[in-house]
>>> print(open('protein-v5.txt').read())   # compact mmCIF, C-alpha atoms and all ligand atoms
# COMPACT_ATOMS: atom_id res chain seq x y z
CA VAL A 513 -18.21 -13.04 -6.10
CA ILE A 514 -15.18 -11.25 -7.49
CA ARG A 515 -15.07 -11.43 -11.29
CA ARG A 516 -13.99 -8.00 -12.53
CA ILE A 517 -10.52 -7.01 -11.35
CA ALA A 518 -8.53 -3.86 -12.08
CA ILE A 519 -4.76 -3.95 -11.68
CA VAL A 520 -3.40 -0.44 -11.25
CA GLY A 521 0.25 0.63 -11.43
CA GLY A 522 1.80 4.07 -11.41
CA THR A 523 -0.60 5.63 -8.92
CA HIS A 524 2.68 7.10 -7.73
CA GLY A 525 4.69 8.10 -10.82
CA ASN A 526 8.12 7.17 -9.45
CA GLU A 527 7.17 3.65 -8.34
CA LEU A 528 8.12 1.91 -11.56
CA THR A 529 7.49 -1.72 -10.58
CA GLY A 530 3.71 -1.44 -10.93
CA VAL A 531 4.07 0.52 -14.17
CA ALA A 532 6.29 -2.22 -15.63
CA LEU A 533 3.92 -5.01 -14.56
CA VAL A 534 0.87 -3.21 -15.95
CA ARG A 535 2.63 -2.57 -19.28
CA ASP A 536 3.68 -6.22 -19.38
CA LEU A 537 0.08 -7.34 -18.79
CA GLU A 538 -1.07 -4.98 -21.55
CA ALA A 539 1.54 -6.31 -23.98
CA ARG A 540 0.79 -9.93 -23.12
CA PRO A 541 -2.81 -10.10 -21.89
CA ARG A 542 -3.43 -13.17 -19.76
CA ILE A 543 -6.52 -15.31 -19.73
CA THR A 544 -7.61 -16.13 -16.20
CA ASP A 545 -10.54 -18.51 -15.91
CA GLY A 546 -13.66 -16.84 -14.61
CA LEU A 547 -12.13 -13.36 -14.37
CA GLU A 548 -12.14 -10.16 -16.39
CA VAL A 549 -8.83 -8.44 -15.71
CA ARG A 550 -8.27 -4.85 -16.76
CA THR A 551 -5.27 -2.63 -16.23
CA LEU A 552 -4.71 1.05 -15.61
CA ILE A 553 -1.80 3.44 -15.18
CA GLY A 554 -2.95 5.56 -12.26
CA ASN A 555 -1.07 8.79 -12.89
CA PRO A 556 0.44 8.81 -16.42
CA GLY A 557 1.42 12.49 -16.12
CA ALA A 558 3.53 11.75 -13.05
CA VAL A 559 4.94 8.54 -14.57
CA GLU A 560 6.13 10.55 -17.57
CA GLN A 561 8.08 12.84 -15.22
CA CYS A 562 9.10 9.98 -12.88
CA ARG A 563 7.74 11.94 -9.94
CA ARG A 564 5.46 10.75 -7.16
CA PHE A 565 2.87 13.31 -8.30
CA VAL A 566 2.56 16.53 -10.27
CA ASP A 567 0.61 18.75 -7.86
CA ARG A 568 -0.41 16.50 -4.98
CA ASP A 569 -0.57 12.84 -3.98
CA LEU A 570 -3.10 11.11 -6.25
CA ASN A 571 -3.55 8.37 -3.66
CA ARG A 572 -4.95 10.93 -1.23
CA ALA A 573 -7.41 12.43 -3.73
CA PHE A 574 -10.24 9.89 -3.68
CA ARG A 575 -12.34 11.04 -0.75
CA PRO A 576 -15.96 11.10 -2.00
CA SER A 577 -16.32 14.73 -0.92
CA GLU A 578 -13.31 15.73 -3.04
CA LEU A 579 -14.33 13.67 -6.07
CA ALA A 580 -17.67 15.46 -5.99
CA ASN A 581 -16.03 18.88 -6.02
CA PRO A 582 -15.54 20.01 -9.66
CA THR A 583 -13.79 23.24 -8.62
CA LEU A 584 -10.64 21.29 -7.62
CA SER A 585 -8.50 21.84 -10.72
CA ASP A 586 -4.98 20.61 -9.84
CA HIS A 587 -3.51 17.77 -11.92
CA GLU A 588 -4.30 14.98 -9.46
CA SER A 589 -7.85 16.15 -8.65
CA ARG A 590 -8.64 16.09 -12.36
CA ARG A 591 -6.96 12.70 -12.79
CA ALA A 592 -8.85 11.33 -9.78
CA ARG A 593 -12.15 12.29 -11.43
CA GLU A 594 -11.04 10.57 -14.68
CA VAL A 595 -10.05 7.39 -12.86
CA ALA A 596 -13.30 7.43 -10.89
CA ALA A 597 -15.29 7.88 -14.12
CA GLU A 598 -13.55 4.82 -15.55
CA LEU A 599 -13.67 2.51 -12.52
CA ARG A 600 -16.94 3.75 -11.02
CA PRO A 601 -19.03 5.39 -13.77
CA ASP A 602 -22.19 7.05 -12.43
CA GLY A 603 -21.21 5.90 -8.96
CA GLU A 604 -21.62 2.21 -9.87
CA PRO A 605 -18.48 0.08 -9.52
CA ALA A 606 -17.27 -1.17 -12.92
CA VAL A 607 -14.89 -3.52 -11.13
CA ASP A 608 -15.36 -5.73 -8.08
CA PHE A 609 -11.78 -5.51 -6.88
CA ILE A 610 -8.81 -3.17 -7.32
CA VAL A 611 -5.20 -4.28 -6.91
CA ASP A 612 -3.06 -1.15 -6.56
CA LEU A 613 0.68 -1.70 -6.99
CA HIS A 614 3.16 0.34 -4.98
CA THR A 615 6.77 0.23 -3.83
CA THR A 616 8.47 1.50 -0.70
CA THR A 617 12.03 2.55 0.06
CA SER A 618 11.61 0.90 3.47
CA ASN A 619 12.73 -2.65 4.22
CA MET A 620 9.20 -4.04 4.30
CA GLY A 621 9.31 -7.01 1.92
CA VAL A 622 5.96 -7.84 0.36
CA SER A 623 3.29 -5.90 2.25
CA LEU A 624 -0.43 -6.42 1.72
CA LEU A 625 -2.21 -3.19 2.62
CA LEU A 626 -5.90 -3.42 3.44
CA ALA A 627 -8.36 -0.58 3.91
CA SER A 628 -10.83 -2.89 5.67
CA SER A 629 -10.80 -6.32 7.27
CA HIS A 630 -13.64 -7.83 5.25
CA PRO A 631 -13.52 -11.67 5.23
CA LEU A 632 -13.11 -11.65 1.45
CA GLU A 633 -9.97 -9.54 1.74
CA LEU A 634 -8.59 -11.53 4.68
CA GLN A 635 -9.13 -14.79 2.76
CA LEU A 636 -7.22 -13.33 -0.16
CA CYS A 637 -4.35 -12.28 2.08
CA ALA A 638 -4.19 -15.76 3.63
CA ALA A 639 -4.06 -17.24 0.13
CA ILE A 640 -1.27 -14.89 -0.94
CA MET A 641 0.70 -15.51 2.28
CA ALA A 642 0.50 -19.27 1.63
CA ARG A 643 2.40 -18.73 -1.65
CA VAL A 644 4.45 -15.56 -1.18
CA PRO A 645 6.25 -14.54 2.03
CA SER A 646 4.34 -11.41 2.99
CA ARG A 647 2.68 -9.47 5.80
CA VAL A 648 -0.70 -7.79 6.17
CA LEU A 649 -1.03 -4.15 7.20
CA LEU A 650 -4.43 -2.71 8.10
CA LEU A 651 -4.52 1.00 7.33
CA GLY A 652 -8.13 1.92 8.01
CA GLY A 653 -7.54 3.28 11.50
CA LEU A 654 -5.24 6.08 10.29
CA TRP A 655 -8.09 7.93 8.60
CA GLY A 656 -11.54 9.08 9.56
CA SER A 657 -14.65 7.80 7.84
CA GLU A 658 -13.47 8.95 4.39
CA LEU A 659 -10.51 6.98 3.04
CA PRO A 660 -8.52 8.87 0.38
CA TYR A 661 -7.11 5.90 -1.58
CA LEU A 662 -7.65 5.07 -5.26
CA LYS A 663 -8.44 1.48 -4.34
CA THR A 664 -11.57 2.56 -2.44
CA LEU A 665 -13.30 3.08 -5.83
CA ALA A 666 -14.11 -0.65 -5.78
CA PRO A 667 -16.12 -2.49 -3.10
CA HIS A 668 -12.99 -4.49 -2.21
CA SER A 669 -9.30 -3.88 -2.74
CA LEU A 670 -5.72 -4.61 -1.90
CA ALA A 671 -2.58 -2.53 -2.25
CA ILE A 672 0.59 -4.55 -2.77
CA GLU A 673 3.58 -2.54 -1.58
CA VAL A 674 7.04 -4.05 -1.99
CA GLY A 675 10.46 -2.87 -0.88
CA PRO A 676 13.10 -1.87 -0.25
CA ILE A 677 13.63 -0.18 -3.58
CA PRO A 678 14.62 3.39 -4.43
CA GLN A 679 12.16 5.62 -6.23
CA GLY A 680 12.56 5.64 -10.01
CA VAL A 681 14.32 2.26 -10.11
CA LEU A 682 13.44 -1.23 -11.33
CA ARG A 683 14.86 -4.28 -9.57
CA HIS A 684 14.44 -7.84 -10.80
CA ASP A 685 13.81 -9.26 -7.32
CA ILE A 686 11.16 -6.66 -6.43
CA LEU A 687 9.48 -7.13 -9.82
CA GLU A 688 9.35 -10.89 -9.28
CA GLN A 689 7.97 -10.59 -5.73
CA THR A 690 5.27 -8.17 -6.86
CA ARG A 691 4.40 -10.33 -9.84
CA ALA A 692 4.11 -13.39 -7.59
CA ALA A 693 1.67 -11.57 -5.29
CA VAL A 694 -0.42 -10.45 -8.29
CA GLU A 695 -0.43 -14.01 -9.68
CA ALA A 696 -1.50 -15.38 -6.29
CA THR A 697 -4.34 -12.84 -6.20
CA LEU A 698 -5.60 -13.81 -9.65
CA ALA A 699 -5.24 -17.53 -8.89
CA HIS A 700 -7.26 -17.13 -5.68
CA PHE A 701 -10.14 -15.25 -7.28
CA SER A 702 -10.09 -17.50 -10.34
CA ARG A 703 -10.42 -20.56 -8.12
CA LEU A 704 -13.26 -18.88 -6.23
CA ALA A 705 -15.04 -17.85 -9.44
CA VAL A 706 -14.71 -21.28 -11.03
CA THR A 707 -15.35 -23.57 -8.06
CA GLY A 708 -17.27 -21.25 -5.74
CA THR A 709 -15.52 -22.71 -2.73
CA PRO A 710 -13.37 -20.47 -0.58
CA PRO A 711 -10.07 -22.01 0.47
CA ALA A 712 -9.77 -23.45 3.97
CA ASP A 713 -6.25 -22.16 4.45
CA SER A 714 -6.61 -21.07 8.05
CA THR A 715 -9.10 -19.59 10.48
CA THR A 716 -7.12 -16.60 11.69
CA LEU A 717 -4.74 -14.20 10.03
CA ALA A 718 -1.72 -12.59 11.65
CA ALA A 719 -1.76 -8.90 10.76
CA PHE A 720 -0.41 -5.52 11.77
CA GLU A 721 -2.83 -2.70 12.51
CA ALA A 722 -1.55 0.85 11.88
CA ILE A 723 -2.25 3.05 14.88
CA GLU A 724 -0.12 6.18 14.59
CA ASN A 725 2.12 8.16 12.24
CA VAL A 726 5.25 9.21 14.12
CA ALA A 727 6.81 12.50 13.02
CA TYR A 728 10.53 13.17 12.89
CA PRO A 729 11.66 15.01 16.02
CA LEU A 730 13.33 18.34 15.18
CA ASP A 731 16.64 19.73 16.41
CA ALA A 732 17.03 23.27 17.79
CA ALA A 733 17.38 24.60 14.23
CA GLY A 734 14.12 22.93 13.22
CA ARG A 735 15.79 20.20 11.17
CA PRO A 736 14.56 16.60 11.37
CA LEU A 737 16.77 14.17 13.31
CA VAL A 738 18.09 11.13 11.44
CA VAL A 739 16.64 7.65 11.87
CA HIS A 740 19.10 5.75 14.09
CA ARG A 741 21.04 2.82 12.64
CA ASP A 742 19.44 0.59 15.33
CA LEU A 743 16.01 1.36 13.88
CA GLN A 744 16.86 1.54 10.16
CA ASP A 745 15.62 -1.52 8.18
CA ARG A 746 13.91 -3.05 11.24
CA ASP A 747 10.43 -2.73 9.85
CA TRP A 748 7.87 -5.08 11.47
CA GLN A 749 10.14 -5.81 14.47
CA PRO A 750 8.83 -4.94 17.95
CA LEU A 751 10.44 -1.88 19.52
CA GLU A 752 12.49 -2.53 22.63
CA ALA A 753 12.86 -0.50 25.82
CA ASP A 754 15.55 2.18 25.45
CA GLN A 755 16.11 1.33 21.77
CA PRO A 756 17.60 4.43 20.10
CA LEU A 757 15.29 5.63 17.32
CA PHE A 758 16.80 8.93 16.20
CA VAL A 759 20.17 10.66 16.32
CA ALA A 760 21.00 14.37 16.21
CA ALA A 761 24.03 15.94 14.48
CA ASP A 762 25.84 16.14 17.85
CA GLY A 763 25.27 12.42 18.46
CA THR A 764 22.44 12.84 20.93
CA GLU A 765 20.10 9.88 20.71
CA GLN A 766 16.38 9.85 21.14
CA LYS A 767 15.12 6.58 22.56
CA CYS A 768 11.91 4.60 22.32
CA LEU A 769 9.07 5.97 24.46
CA PRO A 770 7.92 3.51 27.14
CA GLU A 771 4.42 3.36 25.64
CA TRP A 772 5.83 2.26 22.28
CA VAL A 773 7.64 -0.86 23.56
CA GLY A 774 6.30 -3.92 21.75
CA LEU A 775 4.74 -1.93 18.91
CA CYS A 776 6.08 -2.59 15.41
CA PRO A 777 7.21 0.28 13.17
CA VAL A 778 6.78 0.14 9.39
CA PHE A 779 7.60 2.57 6.59
CA ILE A 780 10.78 3.38 8.54
CA ASN A 781 12.57 6.27 6.80
CA GLU A 782 10.27 6.00 3.76
CA ALA A 783 11.52 8.55 1.21
CA ALA A 784 8.04 9.63 0.16
CA TYR A 785 7.10 10.56 3.73
CA TYR A 786 10.20 12.66 4.47
CA PRO A 787 10.35 15.05 6.32
CA ASP A 788 6.96 14.45 7.92
CA THR A 789 6.51 10.85 8.96
CA ALA A 790 9.53 8.92 10.26
CA PHE A 791 7.60 5.66 10.64
CA VAL A 792 4.13 4.27 11.19
CA LEU A 793 3.49 2.42 14.44
CA THR A 794 1.48 -0.79 14.28
CA ARG A 795 0.27 -3.36 16.72
CA GLN A 796 0.17 -7.06 15.99
CA VAL A 797 -3.32 -8.52 15.81
CA GLU A 798 -4.75 -11.95 15.11
CA LEU A 799 -7.87 -11.55 12.96
CA PRO A 800 -10.61 -14.17 12.67
CA ILE A 801 -11.00 -14.70 8.92
CA GLY A 802 -14.65 -15.68 9.07
CA SER A 803 -16.86 -16.44 6.13
CA SER A 804 -17.78 -14.06 3.34
CA ASP A 805 -21.17 -15.74 2.79
ZN ZN A 901 3.00 4.38 -3.70
>>> encode(input="protein-v5.txt", output="structure tokens")
Amino acid sequence: VIRRIAIVGGTHGNELTGVALVRDLEARPRITDGLEVRTLIGNPGAVEQCRRFVDRDLNRAFRPSELANPTLSDHESRRAREVAAELRPDGEPAVDFIVDLHTTTSNMGVSLLLASSHPLELQLCAAIMARVPSRVLLLGGLWGSELPYLKTLAPHSLAIEVGPIPQGVLRHDILEQTRAAVEATLAHFSRLAVTGTPPADSTTLAAFEAIENVAYPLDAAGRPLVVHRDLQDRDWQPLEADQPLFVAADGTEQKCLPEWVGLCPVFINEAAYYPDTAFVLTRQVELPIGSSD
């Protein structure tokens, strides 16, 4: 049963939506039947500077092997050990579930990012999707056995990533969408904790499974090509044969590879991933939700 929930904002210091929601929850604590809800600013040092991170990405600093290495002394390695000491003291989870709040500059709407496809997490996503228009993205396949995310400090987790929104900006609509997804999460677990009965929303869940990070192609001078207007903002939409994906300064287009047709790109032109990853390729999957008993 999920009773202890941590809501984390500001894991990336220039994603202000989560910071604002966490500060709002701290100013006006809410009582949710059956749940203990705590809040945390992930990377206060980066939030203060409105930067994604100070030395390196905090949300890539939670591999167990790195947390166990006290010689790592950069800002985020030290902060990762502090966060781990708070949320998993002595290696024992102090919370059952982490909700980590993020934003994206890509046109992704409300995205529910899962590190695993445990029935408990799939049930939650189904419950959120019933109340808030959203999509599920499974990220586990992009990494080896050691996931680097903050949310992996708890046995179960969800990252809520909402866009499009520039870095360092607050938008009313994005705030409201994120808040609605957080409220749906708390309502779901509260209902579970109080009644003990999982919802019978549906038996399968439509999701997108991340399979590959696609790098920007480079021009002869080694500069990244630009994402083509026919790809820009088309997150989640299946790629088509001969669809132009990139354009060079001289107008030369680079088209979709045959093996990518039907796959769905996300994080298209995400500012935080420039100039490495142009988009993440996903495939659509239908997941049996199953029972968490
Ligand atoms: Zn983020």
>>> closest_atom_pairs(input="protein-v5.txt", of="chain A", to="ligand ZN 901 (chain A)", cutoff="10 Å", atoms="only C-alpha atoms and all ligand atoms", output="Markdown table")
| residue | atom | partner | partner_atom | distance |
| --- | --- | --- | --- | --- |
| A:Gly521 | CA | A:ZN901 | ZN | 9.0 |
| A:Gly522 | CA | A:ZN901 | ZN | 7.8 |
| A:Thr523 | CA | A:ZN901 | ZN | 6.5 |
| A:His524 | CA | A:ZN901 | ZN | 4.9 |
| A:Gly525 | CA | A:ZN901 | ZN | 8.2 |
| A:Asn526 | CA | A:ZN901 | ZN | 8.2 |
| A:Glu527 | CA | A:ZN901 | ZN | 6.3 |
| A:Leu528 | CA | A:ZN901 | ZN | 9.7 |
| A:Gly530 | CA | A:ZN901 | ZN | 9.3 |
| A:Arg564 | CA | A:ZN901 | ZN | 7.7 |
| A:Asp569 | CA | A:ZN901 | ZN | 9.2 |
| A:Leu570 | CA | A:ZN901 | ZN | 9.4 |
| A:Asn571 | CA | A:ZN901 | ZN | 7.7 |
| A:Asp612 | CA | A:ZN901 | ZN | 8.7 |
| A:Leu613 | CA | A:ZN901 | ZN | 7.3 |
| A:His614 | CA | A:ZN901 | ZN | 4.2 |
| A:Thr615 | CA | A:ZN901 | ZN | 5.6 |
| A:Thr616 | CA | A:ZN901 | ZN | 6.9 |
| A:Thr617 | CA | A:ZN901 | ZN | 10.0 |
| A:Ala671 | CA | A:ZN901 | ZN | 9.0 |
| A:Ile672 | CA | A:ZN901 | ZN | 9.3 |
| A:Glu673 | CA | A:ZN901 | ZN | 7.3 |
| A:Val674 | CA | A:ZN901 | ZN | 9.5 |
| A:Gln679 | CA | A:ZN901 | ZN | 9.6 |
| A:Ala784 | CA | A:ZN901 | ZN | 8.2 |
>>> atom_distance(input="protein-v5.txt", atom1="CA of Ile517 in chain A", atom2="CA of Ala666 in chain A")
9.2 Å
>>> residues_around(input="protein-v5.txt", residues="range 753-758 of chain A", least_positions_apart="5", cutoff="8 Å", atoms="all atoms listed in the file", output="JSON, numbers by chain")
{"A": [729, 737, 738, 739, 740, 741, 742, 743, 765, 766, 767, 768, 769, 770, 773]}
>>> closest_residue(input="protein-v5.txt", among="A:Phe574, A:Pro660, A:Ser585, A:Val534", to="Ala597 in chain A", atoms="only C-alpha atoms")
A:Phe574
>>> residues_around(input="protein-v5.txt", residues="Leu717 in chain A", least_positions_apart="5", cutoff="10 Å", atoms="only C-alpha atoms", output="MDAnalysis selection string")
chainID A and resid 634:635 637:638 641 647:648 797:801
>>> residues_around(input="protein-v5.txt", residues="range 786-789 of chain A", least_positions_apart="2", cutoff="9 Å", atoms="all atoms listed in the file", output="ChimeraX atom specification")
/A:725-728,735-736,779-784,791-792
>>> residues_around(input="protein-v5.txt", residues="range 543-545 of chain A", least_positions_apart="5", cutoff="12 Å", atoms="all atoms listed in the file", output="PyMOL selection string")
chain A and resi 515-517+537-538+550+695-707
>>> write_last_selection(input="protein-v5.txt", atoms="C-alpha atoms", output="PDB file, in the frame of the given file")
ATOM      1  CA  ARG A 515     -15.070 -11.430 -11.290  1.00  0.00           C
ATOM      2  CA  ARG A 516     -13.990  -8.000 -12.530  1.00  0.00           C
ATOM      3  CA  ILE A 517     -10.520  -7.010 -11.350  1.00  0.00           C
ATOM      4  CA  LEU A 537       0.080  -7.340 -18.790  1.00  0.00           C
ATOM      5  CA  GLU A 538      -1.070  -4.980 -21.550  1.00  0.00           C
ATOM      6  CA  ARG A 550      -8.270  -4.850 -16.760  1.00  0.00           C
ATOM      7  CA  GLU A 695      -0.430 -14.010  -9.680  1.00  0.00           C
ATOM      8  CA  ALA A 696      -1.500 -15.380  -6.290  1.00  0.00           C
ATOM      9  CA  THR A 697      -4.340 -12.840  -6.200  1.00  0.00           C
ATOM     10  CA  LEU A 698      -5.600 -13.810  -9.650  1.00  0.00           C
ATOM     11  CA  ALA A 699      -5.240 -17.530  -8.890  1.00  0.00           C
ATOM     12  CA  HIS A 700      -7.260 -17.130  -5.680  1.00  0.00           C
ATOM     13  CA  PHE A 701     -10.140 -15.250  -7.280  1.00  0.00           C
ATOM     14  CA  SER A 702     -10.090 -17.500 -10.340  1.00  0.00           C
ATOM     15  CA  ARG A 703     -10.420 -20.560  -8.120  1.00  0.00           C
ATOM     16  CA  LEU A 704     -13.260 -18.880  -6.230  1.00  0.00           C
ATOM     17  CA  ALA A 705     -15.040 -17.850  -9.440  1.00  0.00           C
ATOM     18  CA  VAL A 706     -14.710 -21.280 -11.030  1.00  0.00           C
ATOM     19  CA  THR A 707     -15.350 -23.570  -8.060  1.00  0.00           C
TER      20      THR A 707
END
>>> residues_around(input="protein-v5.txt", residues="Arg600 in chain A", least_positions_apart="5", cutoff="9 Å", atoms="all atoms listed in the file", output="MDAnalysis selection string")
chainID A and resid 595 605:607 665:666
>>> closest_residue(input="protein-v5.txt", among="A:Ala732, A:Ala539, A:Leu636, A:Val681", to="Ala693 in chain A", atoms="only C-alpha atoms")
A:Leu636
>>> atom_distance(input="protein-v5.txt", atom1="CA of Ala722 in chain A", atom2="CA of Gly554 in chain A")
24.6 Å
>>> atom_distance(input="protein-v5.txt", atom1="CA of Asp731 in chain A", atom2="CA of Leu793 in chain A")
21.8 Å
>>> closest_residue(input="protein-v5.txt", among="A:Ser623, A:Asp762, A:Lys663, A:Leu654", to="Val778 in chain A", atoms="all atoms listed in the file")
A:Ser623
>>> build_atoms(input="protein-v5.txt", residues="range 776-785 of chain A", atoms="all heavy atoms", output="compact mmCIF listing (two decimals), keeping the file's coordinate frame")
# COMPACT_ATOMS: atom_id res chain seq x y z
N CYS A 776 5.22 -2.27 16.55
CA CYS A 776 6.08 -2.59 15.41
C CYS A 776 6.05 -1.46 14.39
O CYS A 776 5.01 -1.19 13.81
CB CYS A 776 5.61 -3.88 14.75
SG CYS A 776 5.58 -5.28 15.88
N PRO A 777 7.18 -0.80 14.16
CA PRO A 777 7.21 0.28 13.17
C PRO A 777 7.31 -0.25 11.74
O PRO A 777 7.96 -1.27 11.50
CB PRO A 777 8.48 1.06 13.54
CG PRO A 777 9.37 0.05 14.18
CD PRO A 777 8.48 -0.98 14.83
N VAL A 778 6.66 0.43 10.83
CA VAL A 778 6.78 0.14 9.39
C VAL A 778 6.97 1.46 8.65
O VAL A 778 6.83 2.53 9.24
CB VAL A 778 5.55 -0.61 8.83
CG1 VAL A 778 5.44 -1.99 9.47
CG2 VAL A 778 4.26 0.19 9.04
N PHE A 779 7.28 1.37 7.37
CA PHE A 779 7.60 2.57 6.59
C PHE A 779 8.70 3.39 7.27
O PHE A 779 8.67 4.62 7.27
CB PHE A 779 6.36 3.44 6.34
CG PHE A 779 5.38 2.84 5.36
CD1 PHE A 779 4.14 2.39 5.78
CD2 PHE A 779 5.73 2.72 4.03
CE1 PHE A 779 3.24 1.84 4.87
CE2 PHE A 779 4.83 2.17 3.11
CZ PHE A 779 3.58 1.73 3.54
N ILE A 780 9.68 2.68 7.86
CA ILE A 780 10.78 3.38 8.54
C ILE A 780 11.62 4.12 7.49
O ILE A 780 12.12 3.52 6.54
CB ILE A 780 11.67 2.37 9.31
CG1 ILE A 780 10.86 1.71 10.44
CG2 ILE A 780 12.91 3.06 9.85
CD1 ILE A 780 11.58 0.54 11.10
N ASN A 781 11.74 5.44 7.68
CA ASN A 781 12.57 6.27 6.80
C ASN A 781 12.11 6.22 5.34
O ASN A 781 12.92 6.36 4.43
CB ASN A 781 14.04 5.84 6.89
CG ASN A 781 15.00 7.01 6.80
OD1 ASN A 781 14.59 8.17 6.70
ND2 ASN A 781 16.28 6.72 6.80
N GLU A 782 10.82 6.02 5.12
CA GLU A 782 10.27 6.00 3.76
C GLU A 782 10.52 7.35 3.09
O GLU A 782 10.16 8.40 3.62
CB GLU A 782 8.78 5.67 3.82
CG GLU A 782 7.97 6.05 2.59
CD GLU A 782 8.40 5.36 1.30
OE1 GLU A 782 8.67 4.15 1.33
OE2 GLU A 782 8.49 6.06 0.26
N ALA A 783 11.13 7.30 1.89
CA ALA A 783 11.52 8.55 1.21
C ALA A 783 10.32 9.44 0.92
O ALA A 783 10.40 10.66 1.04
CB ALA A 783 12.25 8.21 -0.09
N ALA A 784 9.20 8.82 0.56
CA ALA A 784 8.04 9.63 0.16
C ALA A 784 7.43 10.37 1.35
O ALA A 784 6.68 11.32 1.15
CB ALA A 784 6.98 8.74 -0.48
N TYR A 785 7.73 9.94 2.55
CA TYR A 785 7.10 10.56 3.73
C TYR A 785 8.01 11.59 4.40
O TYR A 785 7.60 12.25 5.36
CB TYR A 785 6.69 9.50 4.76
CG TYR A 785 5.68 8.49 4.26
CD1 TYR A 785 5.45 7.30 4.95
CD2 TYR A 785 4.93 8.73 3.10
CE1 TYR A 785 4.52 6.37 4.49
CE2 TYR A 785 4.01 7.79 2.64
CZ TYR A 785 3.81 6.62 3.34
OH TYR A 785 2.91 5.70 2.89
